[in-house]
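One file, coords.txt, carrying compact mmCIF, C-alpha atoms (C1' of nucleotides):
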```txt
# COMPACT_ATOMS: atom_id res chain seq x y z
CA MET F 1 81.86 95.90 147.62
CA ALA F 2 78.43 96.05 149.20
CA ALA F 3 76.92 98.94 147.27
CA PRO F 4 77.51 98.56 143.53
CA LYS F 5 77.40 102.34 143.51
CA ASP F 6 80.86 103.82 143.44
CA ARG F 7 83.22 101.28 141.99
CA ALA F 8 86.12 103.69 141.88
CA ALA F 9 85.82 104.12 145.65
CA ALA F 10 85.67 100.37 146.11
CA VAL F 11 88.87 100.00 144.13
CA ARG F 12 90.61 102.69 146.21
CA ALA F 13 89.51 101.02 149.43
CA ALA F 14 90.62 97.61 148.20
CA LEU F 15 94.06 98.95 147.32
CA ARG F 16 94.36 100.56 150.76
CA THR F 17 93.36 97.35 152.48
CA LEU F 18 95.74 95.12 150.55
CA VAL F 19 98.69 97.49 150.77
CA ALA F 20 98.11 97.91 154.50
CA ARG F 21 97.86 94.17 155.01
CA ASN F 22 100.47 92.81 152.58
CA GLY F 23 102.52 95.72 151.29
CA PHE F 24 102.84 96.81 147.68
CA HIS F 25 104.06 93.30 146.88
CA GLY F 26 100.77 91.77 147.91
CA ALA F 27 98.65 94.35 146.15
CA SER F 28 98.70 93.33 142.52
CA MET F 29 96.06 94.93 140.36
CA SER F 30 94.23 91.64 139.97
CA ALA F 31 94.24 91.07 143.73
CA VAL F 32 92.95 94.61 144.22
CA ALA F 33 90.21 94.11 141.66
CA ALA F 34 89.20 90.80 143.25
CA GLN F 35 89.10 92.41 146.69
CA ALA F 36 86.96 95.22 145.30
CA GLY F 37 84.66 92.71 143.64
CA VAL F 38 85.24 94.01 140.12
CA ALA F 39 87.02 92.75 137.03
CA ALA F 40 90.69 93.32 136.41
CA GLY F 41 90.06 95.85 133.69
CA THR F 42 87.64 97.96 135.69
CA ALA F 43 90.28 99.76 137.71
CA TYR F 44 91.63 101.05 134.42
CA THR F 45 88.36 102.70 133.47
CA HIS F 46 88.88 104.92 136.52
CA TYR F 47 92.65 105.21 136.83
CA ALA F 48 95.16 105.28 134.03
CA SER F 49 97.71 103.24 135.94
CA LYS F 50 98.48 101.64 139.25
CA ASP F 51 100.54 104.68 140.23
CA GLU F 52 97.58 106.94 139.65
CA LEU F 53 95.38 104.69 141.76
CA VAL F 54 97.90 104.70 144.58
CA LEU F 55 98.08 108.48 144.56
CA ALA F 56 94.28 108.81 144.48
CA ALA F 57 93.91 106.42 147.42
CA TYR F 58 96.59 108.36 149.29
CA CYS F 59 94.85 111.69 148.72
CA GLU F 60 91.52 110.26 149.82
CA THR F 61 92.98 108.74 152.96
CA LYS F 62 94.84 111.88 153.88
CA SER F 63 91.87 114.11 153.30
CA GLU F 64 89.66 111.96 155.51
CA LEU F 65 92.26 112.27 158.23
CA ASN F 66 92.43 116.03 157.76
CA LEU F 67 88.69 116.24 158.06
CA ALA F 68 88.55 114.21 161.27
CA VAL F 69 91.36 116.19 162.81
CA THR F 70 90.21 119.69 161.96
CA THR F 71 86.65 118.95 163.01
CA ASP F 72 87.70 118.07 166.54
CA ALA F 73 90.33 120.69 167.32
CA ASP F 74 89.38 124.31 168.00
CA PRO F 75 92.12 126.67 166.82
CA ASN F 76 90.80 129.39 169.13
CA ALA F 77 91.19 127.31 172.27
CA PRO F 78 94.40 127.60 174.32
CA ALA F 79 97.25 126.12 172.34
CA GLU F 80 97.85 123.26 174.72
CA GLN F 81 94.25 122.11 174.60
CA TRP F 82 94.09 122.62 170.84
CA PHE F 83 97.09 120.38 170.46
CA ARG F 84 95.75 117.72 172.80
CA ASP F 85 92.45 117.51 170.91
CA LEU F 86 94.27 117.47 167.60
CA TRP F 87 96.60 114.70 168.66
CA LEU F 88 93.90 112.55 170.19
CA SER F 89 91.53 112.88 167.28
CA CYS F 90 94.33 111.99 164.87
CA TYR F 91 95.13 108.91 166.92
CA ARG F 92 91.50 107.92 167.37
CA HIS F 93 90.58 108.28 163.74
CA LEU F 94 93.49 106.08 162.69
CA ARG F 95 93.01 103.59 165.46
CA ALA F 96 89.45 103.16 164.26
CA ASN F 97 90.86 102.65 160.76
CA PRO F 98 94.23 100.99 161.25
CA GLU F 99 94.44 100.20 157.58
CA HIS F 100 94.49 103.90 156.87
CA ALA F 101 97.41 104.39 159.23
CA ARG F 102 99.39 101.52 157.82
CA PHE F 103 98.68 102.57 154.26
CA LEU F 104 99.80 106.14 154.91
CA LEU F 105 103.03 105.00 156.54
CA GLN F 106 103.78 102.61 153.77
CA VAL F 107 103.28 105.18 151.04
CA GLU F 108 105.25 107.79 152.92
CA HIS F 109 108.29 105.57 153.27
CA SER F 110 108.18 104.29 149.70
CA PRO F 111 109.42 105.91 146.51
CA TYR F 112 105.88 107.24 146.06
CA ARG F 113 106.66 109.67 148.87
CA ALA F 114 107.56 112.71 146.80
CA ARG F 115 104.79 112.28 144.26
CA ALA F 116 102.25 111.56 147.01
CA HIS F 117 103.05 114.75 148.87
CA GLU F 118 102.83 116.68 145.66
CA ALA F 119 99.48 115.13 144.77
CA ALA F 120 98.08 115.72 148.25
CA LEU F 121 99.08 119.38 148.09
CA ALA F 122 97.43 119.78 144.70
CA ASP F 123 94.33 117.99 145.95
CA GLN F 124 93.64 120.36 148.85
CA ASP F 125 95.72 122.64 150.98
CA ASP F 126 96.46 121.37 154.42
CA PRO F 127 94.15 123.12 156.92
CA LEU F 128 96.61 122.22 159.67
CA LEU F 129 99.27 124.48 158.20
CA ALA F 130 96.94 127.45 158.51
CA GLN F 131 96.24 126.70 162.16
CA VAL F 132 99.90 126.24 163.01
CA ALA F 133 100.67 129.55 161.38
CA SER F 134 98.20 131.43 163.56
CA PRO F 135 100.08 133.79 165.93
CA ASP F 136 98.69 132.38 169.20
CA ILE F 137 99.90 128.94 168.39
CA ALA F 138 103.08 129.74 166.52
CA ALA F 139 104.28 131.80 169.47
CA GLN F 140 104.26 128.77 171.72
CA LEU F 141 106.02 126.40 169.35
CA LEU F 142 109.75 125.81 169.03
CA ALA F 143 111.39 127.71 166.18
CA LEU F 144 112.15 124.63 164.10
CA PRO F 145 111.22 123.64 160.54
CA LEU F 146 107.65 122.44 160.22
CA GLU F 147 108.88 119.06 159.06
CA VAL F 148 110.69 118.63 162.36
CA LEU F 149 107.73 119.74 164.46
CA TYR F 150 105.58 117.28 162.55
CA GLU F 151 107.93 114.40 163.28
CA LEU F 152 107.96 115.22 166.98
CA ALA F 153 104.30 115.95 167.40
CA LEU F 154 101.89 114.25 165.05
CA SER F 155 103.88 111.51 163.42
CA PRO F 156 104.00 109.49 166.67
CA ALA F 157 100.21 109.46 166.71
CA ILE F 158 100.12 107.87 163.28
CA ARG F 159 102.78 105.30 164.05
CA LEU F 160 101.25 104.35 167.37
CA ALA F 161 97.84 103.98 165.74
CA ALA F 162 99.40 101.66 163.16
CA GLY F 163 101.03 99.55 165.87
CA GLU F 164 99.56 96.67 167.75
CA ALA F 165 99.88 98.04 171.25
CA GLU F 166 96.58 98.80 172.98
CA LEU F 167 96.78 102.07 174.90
CA THR F 168 94.45 103.26 177.66
CA ASP F 169 92.89 106.71 177.67
CA ALA F 170 95.21 107.71 180.49
CA GLN F 171 98.24 106.62 178.51
CA LEU F 172 97.03 108.51 175.47
CA ASP F 173 96.64 111.69 177.51
CA GLU F 174 100.14 111.20 178.81
CA ILE F 175 101.57 110.66 175.33
CA ALA F 176 99.76 113.65 173.86
CA ALA F 177 101.15 115.75 176.71
CA ALA F 178 104.62 114.35 176.04
CA CYS F 179 104.41 115.41 172.39
CA TRP F 180 103.29 118.86 173.43
CA ARG F 181 106.21 119.11 175.85
CA ALA F 182 108.49 118.22 172.95
CA VAL F 183 107.32 120.88 170.51
CA SER F 184 106.30 123.73 172.82
CA ARG F 185 108.73 126.27 174.23
CA PRO F 186 109.84 125.06 177.64
CA GLY F 187 109.42 127.12 180.78
CA MET J 1 132.35 96.73 145.07
CA ALA J 2 135.80 98.05 145.94
CA ALA J 3 137.30 95.02 147.67
CA PRO J 4 136.51 91.83 145.74
CA LYS J 5 136.86 90.17 149.11
CA ASP J 6 133.49 89.72 150.74
CA ARG J 7 130.93 89.35 148.02
CA ALA J 8 128.15 88.57 150.47
CA ALA J 9 128.72 91.96 152.08
CA ALA J 10 128.73 93.62 148.68
CA VAL J 11 125.38 92.02 147.91
CA ARG J 12 123.91 93.18 151.22
CA ALA J 13 125.15 96.71 150.62
CA ALA J 14 123.80 96.71 147.08
CA LEU J 15 120.37 95.61 148.28
CA ARG J 16 120.39 98.32 150.92
CA THR J 17 121.35 100.96 148.39
CA LEU J 18 118.74 99.98 145.84
CA VAL J 19 115.94 99.57 148.34
CA ALA J 20 116.79 102.93 149.90
CA ARG J 21 116.88 104.62 146.52
CA ASN J 22 114.04 102.90 144.64
CA GLY J 23 112.05 100.82 147.10
CA PHE J 24 111.54 97.08 146.98
CA HIS J 25 110.10 97.54 143.49
CA GLY J 26 113.36 98.84 142.15
CA ALA J 27 115.50 96.24 143.88
CA SER J 28 115.16 93.14 141.76
CA MET J 29 117.73 90.45 142.37
CA SER J 30 119.39 91.07 139.03
CA ALA J 31 119.60 94.80 139.69
CA VAL J 32 121.08 94.06 143.11
CA ALA J 33 123.62 91.68 141.63
CA ALA J 34 124.58 94.21 138.96
CA GLN J 35 124.98 96.94 141.58
CA ALA J 36 127.15 94.60 143.63
CA GLY J 37 129.21 93.76 140.57
CA VAL J 38 128.43 90.04 140.67
CA ALA J 39 126.37 87.64 138.61
CA ALA J 40 122.69 87.05 139.24
CA GLY J 41 123.28 83.59 140.66
CA THR J 42 125.94 84.67 143.11
CA ALA J 43 123.54 86.10 145.66
CA TYR J 44 122.05 82.63 145.92
CA THR J 45 125.41 81.17 146.89
CA HIS J 46 125.14 83.21 150.07
CA TYR J 47 121.42 83.57 150.70
CA ALA J 48 118.74 81.03 150.04
CA SER J 49 116.20 83.60 148.92
CA LYS J 50 115.57 87.27 148.53
CA ASP J 51 113.74 87.33 151.85
CA GLU J 52 116.75 85.91 153.62
CA LEU J 53 118.98 88.51 152.01
CA VAL J 54 116.66 91.32 153.08
CA LEU J 55 116.66 90.09 156.66
CA ALA J 56 120.45 89.71 156.69
CA ALA J 57 120.90 93.23 155.34
CA TYR J 58 118.46 94.51 157.96
CA CYS J 59 120.33 92.80 160.79
CA GLU J 60 123.65 94.11 159.57
CA THR J 61 122.34 97.65 159.24
CA LYS J 62 120.74 97.58 162.64
CA SER J 63 123.78 96.15 164.33
CA GLU J 64 126.05 98.81 162.83
CA LEU J 65 123.68 101.42 164.20
CA ASN J 66 123.68 99.76 167.61
CA LEU J 67 127.44 99.77 167.62
CA ALA J 68 127.71 103.45 166.72
CA VAL J 69 125.16 104.40 169.31
CA THR J 70 126.43 102.40 172.25
CA THR J 71 130.00 103.42 171.61
CA ASP J 72 129.18 107.09 172.00
CA ALA J 73 126.76 107.11 174.93
CA ASP J 74 127.97 106.48 178.47
CA PRO J 75 125.28 104.73 180.52
CA ASN J 76 126.90 105.96 183.74
CA ALA J 77 126.64 109.61 182.83
CA PRO J 78 123.63 111.61 184.02
CA ALA J 79 120.54 110.39 182.20
CA GLU J 80 119.98 113.61 180.32
CA GLN J 81 123.49 113.67 178.94
CA TRP J 82 123.39 109.96 178.20
CA PHE J 83 120.26 110.50 176.17
CA ARG J 84 121.62 113.49 174.32
CA ASP J 85 124.74 111.61 173.26
CA LEU J 86 122.67 108.62 172.28
CA TRP J 87 120.27 110.66 170.19
CA LEU J 88 122.98 112.67 168.47
CA SER J 89 125.12 109.67 167.64
CA CYS J 90 122.10 107.87 166.23
CA TYR J 91 121.29 110.86 164.05
CA ARG J 92 124.89 111.43 162.96
CA HIS J 93 125.55 107.81 162.08
CA LEU J 94 122.46 107.70 159.89
CA ARG J 95 123.02 111.13 158.38
CA ALA J 96 126.45 109.93 157.35
CA ASN J 97 124.74 106.87 155.83
CA PRO J 98 121.33 108.07 154.69
CA GLU J 99 120.80 104.87 152.77
CA HIS J 100 120.88 102.99 156.04
CA ALA J 101 118.17 105.21 157.48
CA ARG J 102 115.95 104.93 154.45
CA PHE J 103 116.44 101.19 154.24
CA LEU J 104 115.56 100.70 157.91
CA LEU J 105 112.42 102.77 157.59
CA GLN J 106 111.32 100.98 154.49
CA VAL J 107 111.76 97.54 156.00
CA GLU J 108 110.07 98.55 159.21
CA HIS J 109 106.96 99.75 157.43
CA SER J 110 106.74 96.79 155.10
CA PRO J 111 105.37 93.30 155.67
CA TYR J 112 108.95 92.28 156.52
CA ARG J 113 108.48 94.17 159.77
CA ALA J 114 107.61 91.27 162.04
CA ARG J 115 110.17 88.87 160.63
CA ALA J 116 112.83 91.58 160.63
CA HIS J 117 112.34 92.33 164.32
CA GLU J 118 112.44 88.66 165.07
CA ALA J 119 115.63 88.16 163.07
CA ALA J 120 117.31 91.17 164.65
CA LEU J 121 116.51 89.87 168.12
CA ALA J 122 117.93 86.46 167.29
CA ASP J 123 121.01 88.07 165.75
CA GLN J 124 122.05 89.96 168.89
CA ASP J 125 120.27 91.32 171.89
CA ASP J 126 119.72 95.01 171.84
CA PRO J 127 122.28 96.69 174.12
CA LEU J 128 120.01 99.69 174.34
CA LEU J 129 117.38 97.72 176.20
CA ALA J 130 119.88 96.90 178.92
CA GLN J 131 120.81 100.56 179.34
CA VAL J 132 117.21 101.70 179.46
CA ALA J 133 116.49 99.10 182.12
CA SER J 134 119.23 100.42 184.40
CA PRO J 135 117.66 101.95 187.54
CA ASP J 136 119.23 105.42 187.19
CA ILE J 137 117.78 105.87 183.77
CA ALA J 138 114.49 104.01 184.13
CA ALA J 139 113.63 106.16 187.16
CA GLN J 140 113.64 109.29 185.02
CA LEU J 141 111.58 107.93 182.14
CA LEU J 142 107.82 108.03 181.79
CA ALA J 143 106.07 104.82 182.76
CA LEU J 144 104.99 103.92 179.24
CA PRO J 145 105.59 100.85 177.09
CA LEU J 146 109.06 100.75 175.58
CA GLU J 147 107.57 100.83 172.11
CA VAL J 148 105.99 104.18 172.90
CA LEU J 149 109.16 105.63 174.41
CA TYR J 150 111.02 104.53 171.31
CA GLU J 151 108.57 106.30 169.00
CA LEU J 152 108.87 109.50 170.99
CA ALA J 153 112.60 109.45 171.54
CA LEU J 154 114.72 107.69 168.99
CA SER J 155 112.45 107.16 166.04
CA PRO J 156 112.45 110.89 165.19
CA ALA J 157 116.24 110.74 164.89
CA ILE J 158 115.98 108.04 162.26
CA ARG J 159 113.26 109.75 160.28
CA LEU J 160 114.98 113.12 160.35
CA ALA J 161 118.22 111.50 159.22
CA ALA J 162 116.35 109.92 156.32
CA GLY J 163 114.81 113.25 155.33
CA GLU J 164 116.27 115.91 153.12
CA ALA J 165 116.31 118.79 155.58
CA GLU J 166 119.75 119.94 156.60
CA LEU J 167 119.89 120.72 160.33
CA THR J 168 122.47 122.79 162.17
CA ASP J 169 124.22 121.58 165.30
CA ALA J 170 122.19 124.03 167.35
CA GLN J 171 118.95 122.69 165.90
CA LEU J 172 120.03 119.12 166.61
CA ASP J 173 120.75 119.98 170.23
CA GLU J 174 117.33 121.56 170.45
CA ILE J 175 115.62 118.53 168.94
CA ALA J 176 117.47 116.06 171.14
CA ALA J 177 116.41 118.14 174.15
CA ALA J 178 112.82 118.13 172.88
CA CYS J 179 112.83 114.35 172.67
CA TRP J 180 114.23 114.11 176.16
CA ARG J 181 111.50 116.47 177.42
CA ALA J 182 108.96 114.16 175.81
CA VAL J 183 110.09 110.92 177.42
CA SER J 184 111.43 112.10 180.79
CA ARG J 185 109.27 112.72 183.83
CA PRO J 186 108.36 116.40 183.87
CA GLY J 187 109.17 118.64 186.81
C1' DC C 1 143.42 68.01 140.62
C1' DA C 2 139.54 68.28 143.87
C1' DA C 3 136.18 71.35 146.08
C1' DG C 4 134.04 75.02 146.19
C1' DA C 5 132.76 79.73 144.43
C1' DC C 6 131.06 81.94 140.62
C1' DT C 7 128.68 82.70 136.19
C1' DG C 8 124.76 84.04 133.21
C1' DA C 9 121.48 82.07 130.08
C1' DA C 10 117.28 79.59 130.80
C1' DT C 11 112.72 78.84 133.16
C1' DG C 12 108.22 79.34 134.67
C1' DA C 13 105.35 82.17 137.53
C1' DA C 14 103.38 86.55 138.35
C1' DC C 15 102.61 91.02 136.99
C1' DA C 16 100.56 95.54 134.78
C1' DT C 17 98.17 96.69 131.11
C1' DT C 18 95.21 96.11 126.78
C1' DC C 19 91.23 95.36 124.01
C1' DA C 20 87.57 92.85 121.65
C1' DT C 21 83.42 91.88 123.56
C1' DT C 22 79.25 92.05 126.69
C1' DC C 23 75.92 94.29 129.35
C1' DG C 24 72.24 97.41 131.08
C1' DG C 25 69.72 101.12 130.62
C1' DA C 26 68.42 105.76 128.40
C1' DG C 27 66.18 107.56 124.62
C1' DG C 28 63.87 107.51 120.28
C1' DT C 29 60.19 105.59 117.10
C1' DG C 30 55.95 103.43 115.41
C1' DC S 1 53.54 99.91 125.11
C1' DA S 2 56.83 97.10 122.40
C1' DC S 3 60.82 97.40 119.94
C1' DC S 4 65.10 98.95 118.40
C1' DT S 5 69.48 101.70 118.71
C1' DC S 6 73.18 103.59 121.04
C1' DC S 7 76.67 104.39 124.44
C1' DG S 8 79.73 104.18 128.01
C1' DA S 9 80.91 101.26 131.84
C1' DA S 10 82.45 96.77 132.84
C1' DT S 11 84.54 92.45 131.67
C1' DG S 12 88.26 88.88 131.65
C1' DA S 13 91.19 86.34 128.53
C1' DA S 14 95.33 87.56 126.18
C1' DT S 15 99.83 90.07 125.84
C1' DG S 16 104.42 91.14 126.55
C1' DT S 17 107.39 92.12 130.30
C1' DT S 18 109.86 91.44 134.47
C1' DC S 19 110.97 88.83 138.21
C1' DA S 20 113.05 85.22 141.54
C1' DT S 21 115.22 81.24 141.17
C1' DT S 22 117.90 77.31 138.99
C1' DC S 23 121.69 74.78 137.01
C1' DA S 24 125.16 73.09 133.81
C1' DG S 25 129.32 74.51 133.12
C1' DT S 26 133.73 77.57 134.12
C1' DC S 27 137.09 79.42 136.95
C1' DT S 28 139.96 79.85 141.52
C1' DT S 29 142.37 78.34 145.11
C1' DG S 30 144.61 75.37 148.21
```
Turn this file's structure into structure tokens for me.
Amino acid sequence: MAAPKDRAAAVRAALRTLVARNGFHGASMSAVAAQAGVAAGTAYTHYASKDELVLAAYCETKSELNLAVTTDADPNAPAEQWFRDLWLSCYRHLRANPEHARFLLQVEHSPYRARAHEAALADQDDPLLAQVASPDIAAQLLALPLEVLYELALSPAIRLAAGEAELTDAQLDEIAAACWRAVSRPG
Amino acid sequence: MAAPKDRAAAVRAALRTLVARNGFHGASMSAVAAQAGVAAGTAYTHYASKDELVLAAYCETKSELNLAVTTDADPNAPAEQWFRDLWLSCYRHLRANPEHARFLLQVEHSPYRARAHEAALADQDDPLLAQVASPDIAAQLLALPLEVLYELALSPAIRLAAGEAELTDAQLDEIAAACWRAVSRPG
DNA sequence: CAAGACTGAATGAACATTCATTCGGAGGTG
DNA sequence: CACCTCCGAATGAATGTTCATTCAGTCTTG
């Protein structure tokens, strides 16, 4: 858009913006190209198809989130504090970029879901998985499938960041604590 | 489909099935009509547009869920038990009808979201809201916006029901308890 | 037989994708 | 330095397809 430098990145960002705002319906390739400030054909010099572009934008978005989250949380800290920092930085990163949150949710509930997860795994392994597997932390978590723990713990952060509600710092601390109460062994 | 009685209902069900399976992309009006076993024009005898059909199918799906859930949970029981029954019946109803779960999620993360909520409110008031507002129960919940409590408590039931993972009864009890731990006042 | 439900081919708009063409600059040549 | 030649990125009008919606006519039912 501004910098005529990386047009592929501009196209990815434009797709993310339009999908977040108007859904896949409202994100035709010509609308995406217009939003990116390039010609209709340009997207196809970088991505073979719309599907490929969607997957690339998903991987980029997810990897930015991973970066934000793993930068802020110290896996050697006590598990409860590690989780709190993780949760809050996930929420804050997405609240600062609500389009990212809404795009992620939309892809993850669409038929792209399976292919997107596959592509994201191929793109980079999830650094979060490694941290969760560490003995200190694993010992304090419920013995449930990772998918379930994810739904209880981190997924609320994404959905709340995508929502309209404005939450105070105190509320966020309370919610992060609530998620920790959900996934950690009681007592 | 089976009964040639209520074609409007058949069309709603067909839309739900196709959207759940293939997303809004894969649910063209002609595909929906074919799935419902009627002609392309027939849907328009009952609904003025595709949007109207989507909203009607959403309202129907949501109201069936409401019915299942409020039948099983006794608002006069102790709050913890009330919640457990509520959570489990929500999960079980949707697990028995995974297309309902996937359809709901897909609508709620699409640009239909706002209009769908509006339509569902107009269609019938949410009996859950009344129960949550009752003093016995409200006193034991965290003082957070309802939207937040919903994300922490009931939303995981829907998403887990939409997922592929098979969960045992013991795991379900554990997860329902985890959600209750999240939204109830600790101590 | 009247009124409505139903049909499915027809319509025009919108879409993803293609491709003949243009553009800008890197490198070679005199 | 001026000039020419390439080359891949970028363009945007054109293409063929698919879609939501319509409607003239057929069938059902009371």
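Coordinates place atom CA of J:Phe103 at a distance of 28.4 Å from atom C1' of C:DG8.
Our summary of the geometry notes that atom CA of F:Thr70 is positioned 10.1 Å from atom CA of F:Trp82.
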Counting only C-alpha atoms (C1' of nucleotides), collect the residues of chain J whose closest atom lies at most 12 Å from chain C, and write them out as JSON, numbers by chain. {"J": [6, 7, 8, 25, 30, 33, 34, 37, 38, 39, 40, 41, 42, 43, 44, 45, 46]}
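Between atom CA of J:Leu141 and atom CA of F:Ala96 lies a distance of 28.8 Å.
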Given a cut-off of 12 Å, which residues of chain S touch chain J, counting only C-alpha atoms (C1' of nucleotides), written out as a list of chain:residue names? S:DT18, S:DC19, S:DA20, S:DT21, S:DT22, S:DC23
Those residues with C-alpha atoms (C1' of nucleotides), as a PDB file, keeping the file's coordinate frame please?
```pdb
ATOM      1  C1'  DT S  18     109.860  91.440 134.470  1.00  0.00           C
ATOM      2  C1'  DC S  19     110.970  88.830 138.210  1.00  0.00           C
ATOM      3  C1'  DA S  20     113.050  85.220 141.540  1.00  0.00           C
ATOM      4  C1'  DT S  21     115.220  81.240 141.170  1.00  0.00           C
ATOM      5  C1'  DT S  22     117.900  77.310 138.990  1.00  0.00           C
ATOM      6  C1'  DC S  23     121.690  74.780 137.010  1.00  0.00           C
TER       7       DC S  23
END
```
Proximity check chain F to chain J, 6 Å, nearest pairs one decimal Å, all atoms listed in the file, as JSON lines:
```
{"residue": "F:Asn22", "atom": "CA", "partner": "J:Pro111", "partner_atom": "CA", "distance": 5.8}
{"residue": "F:Gly23", "atom": "CA", "partner": "J:Pro111", "partner_atom": "CA", "distance": 5.8}
{"residue": "F:Gln106", "atom": "CA", "partner": "J:His109", "partner_atom": "CA", "distance": 5.6}
{"residue": "F:His109", "atom": "CA", "partner": "J:Gln106", "partner_atom": "CA", "distance": 5.6}
{"residue": "F:Ser110", "atom": "CA", "partner": "J:Gly23", "partner_atom": "CA", "distance": 5.8}
{"residue": "F:Pro111", "atom": "CA", "partner": "J:Gly23", "partner_atom": "CA", "distance": 5.8}
{"residue": "F:Ala178", "atom": "CA", "partner": "J:Ala182", "partner_atom": "CA", "distance": 4.4}
{"residue": "F:Cys179", "atom": "CA", "partner": "J:Ala182", "partner_atom": "CA", "distance": 5.8}
{"residue": "F:Arg181", "atom": "CA", "partner": "J:Ala182", "partner_atom": "CA", "distance": 5.7}
{"residue": "F:Ala182", "atom": "CA", "partner": "J:Ala178", "partner_atom": "CA", "distance": 4.3}
```
Once 5 Å is added on each side, what are the centre and the three edge lengths, in Å to one decimal, of the axis-aligned box enclosing the listed atoms of stretch 1-7 of chain S? Present them as lines of an AutoDock Vina configuration file.
```
center_x = 65.1
center_y = 100.7
center_z = 121.8
size_x = 33.1
size_y = 17.3
size_z = 16.7
```
Would you pick out the contacts of F:Ala31 at 9 Å or less, using only C-alpha atoms (C1' of nucleotides), so that residues sharing its chain but fewer than 4 positions from it are not included, and give the list as a count of residues only? 8
Env of F:Asp74: 10 Å cut, atoms = all atoms listed in the file, seq-sep filter 5 positions within chain, self excluded. Answer as an MDAnalysis selection string. chainID F and resid 69 79 81:83 85:86 131
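Residues within 8 Å of J:Asp173, counting all atoms listed in the file and excluding same-chain residues fewer than 4 positions away, are Arg84, Leu88, Asp169 and Ala177 of chain J.
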Neighbouring residues of F:Ser134 were defined as those with any atom within 10 Å, considering all atoms listed in the file; residues of the same chain fewer than 4 positions away were excluded. Please report them as a list of chain:residue names. F:Pro75, F:Asn76, F:Leu129, F:Ala130, F:Ala138, F:Ala139
